[in-house]
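So the structure is just underneath, and the comments pick up after that.
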Amino acid sequence: MKYRKFGRIGWDVAAIGFGAWAVGGAWGTVDDEQSIAAMKRALDLGVNFFDTADVYGDGRSERLLQRLRRETNTPFHVATKAGRRLSAQLASGYNRENLTAFVERSLRNIGVESLELVQLHCPPTEAYYRPEIFAVMDELVKAGKIQHYGVSVERVEEALKAIEFPNVESVQIIFNIFRQRPAERFLSEAARRGVATIVRVPLASGMLTGKLTAASTFAPDDHRTFNRHGEAFDVGETFSGVPYAVGLEAVDELRALVPSGATLAQLALRWILMFDGVSTIIPGAKNPAQVADNCAASALPELTEAQMRTVRDIYDRRIREHVHARW
């Protein structure tokens, strides 16, 4: 496992972390014993950064991380998120009362006295224009409830606005072969300011594993069924906002770039690591085998200039028109 500095905070974090959305819910059936086994395998392979949220399984993934800490002696960092428990996503809901309650609940779920990193969980764009919201986060730091805070965003513009607030330590953003705009507009500015960048949805909801086909089906409680058109939350969270058939066509072209002995998923993760502004990637995993496959990407050699050009060409021809201007 390779490690990178986590912005101004200075943690040495695994280049490949662990995204706990899949073990919480909204990805079909999950089994807690398998989830714990996957997390323990991650620790064995050098993963020391776990990302979760209070809404993943209504706190299920947070509680799994508390159990992981009880059952292992290996130290690791936990980043959680707050805000999506609101019944309506309004900037006014991100107030002192609600944010304090969310933080208190996460403290209990994770079983700690202070949360290492709390991220505002994809709040509405208006929230980034309300300094009072970030002042509440500063108060929670002063109170010792949280140690650091950041944001999880949908759009590059939200990310750029968020890092104008001096105490925003991290930004979580979708960045992958199908969502390349952050490399043009955001990564270098975040690095200049010492802000850590956490990359989520690196495999475009499984599309970039190369395992999906036109005949693939998903469980009713899998967001790849119920959020295909943004019915439940931002459509960009599902297949990165790329139409399913279009994604499959692009994947067919990408297969030719996969090195011998590697997988398309590993190529996709290694592509992200080609960008120095990335602090860590948080692919999801439900079992130890998926964890091992993800972590192996850290050891792949750098992609060649020709591979990078080809990826960009595929993006420009097939994907750009569907996503570039939107996120």
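FYI, nothing fancy with the structure tokens labels: chains A, B, ... in order, residues from 1 per chain, ligands from 1 as they appear.
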With only C-alpha atoms as the counted atoms, please give the residues lying no more than 6 Å from segment 167-175 of chain A, apart from itself and same-chain residues fewer than 3 positions off, as a PyMOL selection string. chain A and resi 149-153+163+179+195-201
Same residues, C-alpha atoms, saved as a compact mmCIF listing (two decimals), in the first residue's frame:
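Dumped everything to result_5.txt:
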# COMPACT_ATOMS: atom_id res chain seq x y z
CA TYR A 149 -14.29 19.22 9.29
CA GLY A 150 -14.76 19.20 5.56
CA VAL A 151 -17.46 18.88 2.92
CA SER A 152 -18.76 16.29 0.52
CA VAL A 153 -19.94 17.93 -2.67
CA ILE A 163 -12.44 25.85 0.30
CA ARG A 179 -16.05 12.38 -14.29
CA VAL A 195 -7.01 20.89 1.41
CA ALA A 196 -7.23 17.09 1.27
CA THR A 197 -9.24 15.55 -1.58
CA ILE A 198 -11.19 12.35 -0.94
CA VAL A 199 -12.34 10.67 -4.14
CA ARG A 200 -15.66 8.83 -4.00
CA VAL A 201 -17.56 6.79 -6.62
For segment 216-286 of chain A against segment 82-105 of chain A, with a cut-off of 12 Å and counting only C-alpha atoms, what is the closest atom pair and its distance in Å to one decimal for every residue that makes the cut, ordered by chain and number, as JSON lines?
{"residue": "A:Ala232", "atom": "CA", "partner": "A:Gln89", "partner_atom": "CA", "distance": 11.7}
{"residue": "A:Phe233", "atom": "CA", "partner": "A:Gln89", "partner_atom": "CA", "distance": 10.1}
{"residue": "A:Asp234", "atom": "CA", "partner": "A:Gln89", "partner_atom": "CA", "distance": 11.6}
Just the selected residues (N, CA and C atoms), exported as a PDB file, in the first residue's frame, please.
ATOM      1  N   ALA A 232     -34.060   9.633  -5.949  1.00  0.00           N
ATOM      2  CA  ALA A 232     -33.849   9.688  -4.500  1.00  0.00           C
ATOM      3  C   ALA A 232     -32.809  10.721  -4.085  1.00  0.00           C
ATOM      4  N   PHE A 233     -31.779  10.909  -4.896  1.00  0.00           N
ATOM      5  CA  PHE A 233     -30.734  11.894  -4.632  1.00  0.00           C
ATOM      6  C   PHE A 233     -30.060  12.222  -5.959  1.00  0.00           C
ATOM      7  N   ASP A 234     -28.990  12.973  -5.922  1.00  0.00           N
ATOM      8  CA  ASP A 234     -28.381  13.442  -7.168  1.00  0.00           C
ATOM      9  C   ASP A 234     -28.057  12.266  -8.088  1.00  0.00           C
TER      10      ASP A 234
END
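Comparing A:Ala296, A:Val136, A:Leu160, A:Val78 by their smallest distance to Leu117 of chain A, the closest is A:Val78 (using only C-alpha atoms).
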Apply DSSP to the structure's backbone, then extract all residues of segment 81-224 of chain A labelled helix (DSSP H, G or I) and return them as number ranges by chain. A: 91-93, 96-110, 125-129, 131-142, 156-162, 181-185, 187-193, 204-209, 223-224
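Using only C-alpha atoms, the contacts of Arg67 of chain A at a cut-off of 10 Å, with sequence neighbours closer than 4 positions omitted, comprise Ile36, Ser61, Glu62, Arg63, Glu71, Thr72, Asn109, Ile110 and Gly111 of chain A.
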Skip Ala38 of chain A itself and residues of its chain fewer than 5 positions away, then list as a ChimeraX atom specification all residues within 12 Å of it, counting only C-alpha atoms. /A:18-20,22-23,30-33,43-45,47,50,64-65,68,284-295
Wanna dump the segment 86-165 of chain A-segment 303-324 of chain A contacts at 12 Å for me, each residue with its shortest atom pair and the distance in Å to one decimal, counting only C-alpha atoms, ordered by chain and number, as a tab-separated table?
residue	atom	partner	partner_atom	distance
A:Glu154	CA	A:Val323	CA	11.8
A:Arg155	CA	A:His324	CA	10.3
A:Val156	CA	A:His324	CA	10.2
Produce a file of the selected residues containing N, CA and C atoms, as an mmCIF file, in the first residue's frame.
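Heads up, here's the output in result29.cif:
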data_model
loop_
_atom_site.group_PDB
_atom_site.id
_atom_site.type_symbol
_atom_site.label_atom_id
_atom_site.label_comp_id
_atom_site.auth_asym_id
_atom_site.auth_seq_id
_atom_site.Cartn_x
_atom_site.Cartn_y
_atom_site.Cartn_z
ATOM 1 N N GLU A 154 -21.348 17.713 -4.599
ATOM 2 C CA GLU A 154 -21.773 17.151 -5.880
ATOM 3 C C GLU A 154 -21.043 17.811 -7.045
ATOM 4 N N ARG A 155 -20.790 19.120 -6.921
ATOM 5 C CA ARG A 155 -20.291 19.878 -8.067
ATOM 6 C C ARG A 155 -18.958 20.557 -7.778
ATOM 7 N N VAL A 156 -18.176 20.713 -8.831
ATOM 8 C CA VAL A 156 -16.873 21.368 -8.721
ATOM 9 C C VAL A 156 -17.028 22.768 -8.153
#
